[in-house]
Amino acid sequence: MLVRDAMSTVVLTLGPDHTLRQAAALMSARRVGAAVVLDPDAGGIGILTERDILNSVGLGQDPDTERTHAHTTTDVVFAAPTWTLEEAARAMAHGGFRHLVVLDRGEPAGIVSVRDIIRCWAPARQQVPA
């Protein structure tokens, strides 16, 4: 199975000046754990995850004044839609993260998460006789 079969194609996109509270509200409303941050001034495509927001709040920072650009990961590992789920899982395990931005022709085409991979693998694994 390929990344394109598992990824979410509805990608929440934020700008660098959204507050963390705005980001959290949008992520919560869409029930996603990560958002793509498009910041042409900082090199293009980054990712903001629920963990980034949690870390900021845990440090006592104000989510109403903290901006996404200060908490965005910019050294992103990108997946291709043609990667296998094994390749995606290996990249996540190696990098210690739970989301991959999927690029197609240089543009964000989706996000694949550990949960997406588990959803694809779990039904196949349940059918195997014990």
# chains A, B, ... in the order shown; residues from 1 in each chain; ligands from 1
$ closest_atom_pairs --of "region 44-103 of chain A" --to "region 107-111 of chain A" --cutoff "6 Å" --atoms "only C-alpha atoms" --output "Markdown table"
| residue | atom | partner | partner_atom | distance |
| --- | --- | --- | --- | --- |
| A:Leu100 | CA | A:Ile111 | CA | 5.6 |
| A:Val101 | CA | A:Ile111 | CA | 4.6 |
| A:Val102 | CA | A:Gly110 | CA | 5.0 |
| A:Leu103 | CA | A:Pro108 | CA | 4.6 |
$ select_by_dssp --residues "chain A" --states "strand (DSSP E or B)" --output "PyMOL selection string"
chain A and resi 2+8+13-14+19+34-39+44-49+67+73+78-79+84+99-104+107-113
$ select_by_dssp --residues "chain A" --states "alpha helix (DSSP H)" --output "PyMOL selection string"
chain A and resi 3-6+20-30+50-58+85-95+114-126
$ closest_residue --among "A:Gly106, A:Ala89, A:Phe78, A:Trp83" --to "Met1 (chain A)" --atoms "only C-alpha atoms"
A:Trp83
$ residues_around --residues "Arg30 (chain A)" --least-positions-apart "2" --cutoff "12 Å" --atoms "only C-alpha atoms" --output "ChimeraX atom specification"
/A:8,10-13,23-28,32-35
$ write_last_selection --atoms "N, CA and C atoms" --output "JSON list (two decimals), in the first residue's frame"
[["chain", "number", "residue", "atom", "x", "y", "z"],
["A", 8, "SER", "N", -4.23, 11.93, 4.30],
["A", 8, "SER", "CA", -5.35, 12.84, 4.29],
["A", 8, "SER", "C", -5.05, 13.89, 3.22],
["A", 10, "VAL", "N", -7.02, 16.54, 2.68],
["A", 10, "VAL", "CA", -7.49, 17.84, 3.16],
["A", 10, "VAL", "C", -6.44, 18.33, 4.15],
["A", 11, "VAL", "N", -5.67, 19.31, 3.72],
["A", 11, "VAL", "CA", -4.55, 19.79, 4.50],
["A", 11, "VAL", "C", -4.89, 21.14, 5.11],
["A", 12, "LEU", "N", -4.76, 21.24, 6.42],
["A", 12, "LEU", "CA", -4.93, 22.53, 7.09],
["A", 12, "LEU", "C", -3.66, 23.33, 6.85],
["A", 13, "THR", "N", -3.81, 24.51, 6.27],
["A", 13, "THR", "CA", -2.68, 25.37, 5.96],
["A", 13, "THR", "C", -2.80, 26.64, 6.78],
["A", 23, "ALA", "N", -4.21, 28.47, 15.77],
["A", 23, "ALA", "CA", -3.78, 27.20, 15.20],
["A", 23, "ALA", "C", -4.45, 26.03, 15.93],
["A", 24, "ALA", "N", -4.43, 26.09, 17.26],
["A", 24, "ALA", "CA", -5.04, 25.01, 18.06],
["A", 24, "ALA", "C", -6.53, 24.90, 17.78],
["A", 25, "ALA", "N", -7.21, 26.03, 17.68],
["A", 25, "ALA", "CA", -8.66, 26.02, 17.42],
["A", 25, "ALA", "C", -8.96, 25.42, 16.05],
["A", 26, "LEU", "N", -8.19, 25.79, 15.05],
["A", 26, "LEU", "CA", -8.40, 25.24, 13.70],
["A", 26, "LEU", "C", -8.07, 23.75, 13.65],
["A", 27, "MET", "N", -6.99, 23.35, 14.31],
["A", 27, "MET", "CA", -6.62, 21.94, 14.33],
["A", 27, "MET", "C", -7.68, 21.12, 15.06],
["A", 28, "SER", "N", -8.19, 21.65, 16.16],
["A", 28, "SER", "CA", -9.22, 20.96, 16.93],
["A", 28, "SER", "C", -10.51, 20.83, 16.11],
["A", 32, "VAL", "N", -7.35, 17.39, 13.43],
["A", 32, "VAL", "CA", -6.04, 17.01, 12.88],
["A", 32, "VAL", "C", -4.96, 17.33, 13.90],
["A", 33, "GLY", "N", -3.87, 16.60, 13.83],
["A", 33, "GLY", "CA", -2.77, 16.78, 14.76],
["A", 33, "GLY", "C", -1.62, 17.57, 14.20],
["A", 34, "ALA", "N", -1.74, 18.04, 12.95],
["A", 34, "ALA", "CA", -0.66, 18.80, 12.33],
["A", 34, "ALA", "C", -1.23, 19.72, 11.26],
["A", 35, "ALA", "N", -0.51, 20.80, 11.02],
["A", 35, "ALA", "CA", -0.89, 21.74, 9.98],
["A", 35, "ALA", "C", 0.36, 22.14, 9.20]]
$ closest_residue --among "A:Ile118, A:Leu20, A:Val76, A:Val36" --to "Ile53 (chain A)" --atoms "only C-alpha atoms"
A:Leu20
